[in-house]
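This report refers to the structure that appears directly beneath it.
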Amino acid sequence: MPCNRLKKLDTRYRKKYGMSMIENLTEIKEKGMDSFIANQTAKYTCPTCGGLICVHRGRCLTCKKE
Ligand SMILES: [Zn+2]
């Protein structure tokens, strides 16, 4: 089981940024690192310019699209 600090951080990130570290870790455990990285790359790639989307701001770092 994850420790309390991670659980709190996880709750905060889920509310604020729509992501969960614990879910990410479970996914890595179940499906493997390759599948996880492929999913994360798809999730955080800008559909407009192919740039990286910032998890904290929810927008592309290259073209600033939300
Ligand atoms: Zn972009």
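We label chains A, B, ... in the order they appear in the structure tokens, count residues from 1 in each chain, and number ligands from 1 in the order shown.
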Between chain A and ligand 1, at 9 Å or less, what are the per-residue closest atom pairs and their distances in Å? Count only C-alpha atoms and all ligand atoms, order by chain and rising residue number, and return it as CSV.
residue,atom,partner,partner_atom_place_in_ligand_line,distance
A:Thr45,CA,ligand 1,1 (Zn),7.8
A:Cys46,CA,ligand 1,1 (Zn),4.6
A:Pro47,CA,ligand 1,1 (Zn),6.7
A:Thr48,CA,ligand 1,1 (Zn),5.0
A:Cys49,CA,ligand 1,1 (Zn),4.1
A:Gly50,CA,ligand 1,1 (Zn),5.8
A:Gly51,CA,ligand 1,1 (Zn),4.8
A:Leu52,CA,ligand 1,1 (Zn),7.0
A:Ile53,CA,ligand 1,1 (Zn),7.3
A:Arg59,CA,ligand 1,1 (Zn),7.7
A:Cys60,CA,ligand 1,1 (Zn),4.6
A:Leu61,CA,ligand 1,1 (Zn),6.6
A:Thr62,CA,ligand 1,1 (Zn),5.1
A:Cys63,CA,ligand 1,1 (Zn),4.1
A:Lys64,CA,ligand 1,1 (Zn),6.0
A:Lys65,CA,ligand 1,1 (Zn),5.7
A:Glu66,CA,ligand 1,1 (Zn),8.4
Residues just named, written with C-alpha atoms as a CSV table (one decimal), in the first residue's frame:
chain,number,residue,atom,x,y,z
A,45,THR,CA,1.5,15.2,-27.0
A,46,CYS,CA,-0.2,18.4,-28.4
A,47,PRO,CA,-2.6,17.4,-31.2
A,48,THR,CA,-1.9,20.7,-33.0
A,49,CYS,CA,1.9,20.9,-33.1
A,50,GLY,CA,3.2,17.7,-31.6
A,51,GLY,CA,4.8,19.5,-28.7
A,52,LEU,CA,4.8,18.5,-25.1
A,53,ILE,CA,1.7,19.3,-23.0
A,59,ARG,CA,-1.4,23.4,-22.2
A,60,CYS,CA,1.2,22.9,-24.8
A,61,LEU,CA,4.6,24.2,-24.0
A,62,THR,CA,5.4,24.9,-27.7
A,63,CYS,CA,2.3,26.6,-29.1
A,64,LYS,CA,0.5,27.4,-25.8
A,65,LYS,CA,-2.7,25.8,-26.9
A,66,GLU,CA,-4.9,24.7,-24.0
Inset, instruction - Determine which residues of chain A receive a DSSP assignment of helix (DSSP H, G or I), computed from the backbone, and state them as a ChimeraX atom specification. - result: /A:4-17,21-31,33-43
Those residues with C-alpha atoms, as a PDB file, in the first residue's frame please?
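Final output, selection.pdb:
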ATOM      1  CA  ASN A   4       0.023   8.540   3.507  1.00  0.00           C
ATOM      2  CA  ARG A   5       2.105  11.277   1.947  1.00  0.00           C
ATOM      3  CA  LEU A   6       1.824   9.702  -1.489  1.00  0.00           C
ATOM      4  CA  LYS A   7      -1.904   9.158  -1.009  1.00  0.00           C
ATOM      5  CA  LYS A   8      -2.399  12.854  -0.198  1.00  0.00           C
ATOM      6  CA  LEU A   9      -0.267  13.947  -3.127  1.00  0.00           C
ATOM      7  CA  ASP A  10      -2.155  11.561  -5.362  1.00  0.00           C
ATOM      8  CA  THR A  11      -5.530  12.981  -4.263  1.00  0.00           C
ATOM      9  CA  ARG A  12      -4.293  16.527  -4.849  1.00  0.00           C
ATOM     10  CA  TYR A  13      -2.973  15.717  -8.319  1.00  0.00           C
ATOM     11  CA  ARG A  14      -6.133  13.899  -9.276  1.00  0.00           C
ATOM     12  CA  LYS A  15      -8.279  16.917  -8.369  1.00  0.00           C
ATOM     13  CA  LYS A  16      -5.981  19.574  -9.743  1.00  0.00           C
ATOM     14  CA  TYR A  17      -4.355  17.991 -12.758  1.00  0.00           C
ATOM     15  CA  MET A  21       0.598   8.632  -9.634  1.00  0.00           C
ATOM     16  CA  ILE A  22      -0.852   5.556  -7.994  1.00  0.00           C
ATOM     17  CA  GLU A  23      -2.864   4.736 -11.101  1.00  0.00           C
ATOM     18  CA  ASN A  24       0.246   5.285 -13.198  1.00  0.00           C
ATOM     19  CA  LEU A  25       2.233   2.896 -11.017  1.00  0.00           C
ATOM     20  CA  THR A  26      -0.533   0.292 -11.139  1.00  0.00           C
ATOM     21  CA  GLU A  27      -0.614   0.594 -14.916  1.00  0.00           C
ATOM     22  CA  ILE A  28       3.169   0.071 -15.128  1.00  0.00           C
ATOM     23  CA  LYS A  29       2.875  -2.975 -12.900  1.00  0.00           C
ATOM     24  CA  GLU A  30       0.038  -4.512 -14.906  1.00  0.00           C
ATOM     25  CA  LYS A  31       0.855  -3.583 -18.485  1.00  0.00           C
ATOM     26  CA  MET A  33       6.716   0.185 -18.841  1.00  0.00           C
ATOM     27  CA  ASP A  34       6.564   0.186 -22.663  1.00  0.00           C
ATOM     28  CA  SER A  35       2.778   0.337 -22.755  1.00  0.00           C
ATOM     29  CA  PHE A  36       2.754   3.011 -20.033  1.00  0.00           C
ATOM     30  CA  ILE A  37       5.211   5.229 -21.894  1.00  0.00           C
ATOM     31  CA  ALA A  38       3.244   4.853 -25.134  1.00  0.00           C
ATOM     32  CA  ASN A  39       0.027   5.916 -23.364  1.00  0.00           C
ATOM     33  CA  GLN A  40       1.682   8.848 -21.595  1.00  0.00           C
ATOM     34  CA  THR A  41       3.291  10.033 -24.810  1.00  0.00           C
ATOM     35  CA  ALA A  42      -0.107   9.984 -26.544  1.00  0.00           C
ATOM     36  CA  LYS A  43      -1.761  11.760 -23.599  1.00  0.00           C
TER      37      LYS A  43
END
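Selecting strand (DSSP E) from the backbone DSSP output for chain A yields Ile53, Cys54, Arg59 and Cys60 of chain A.
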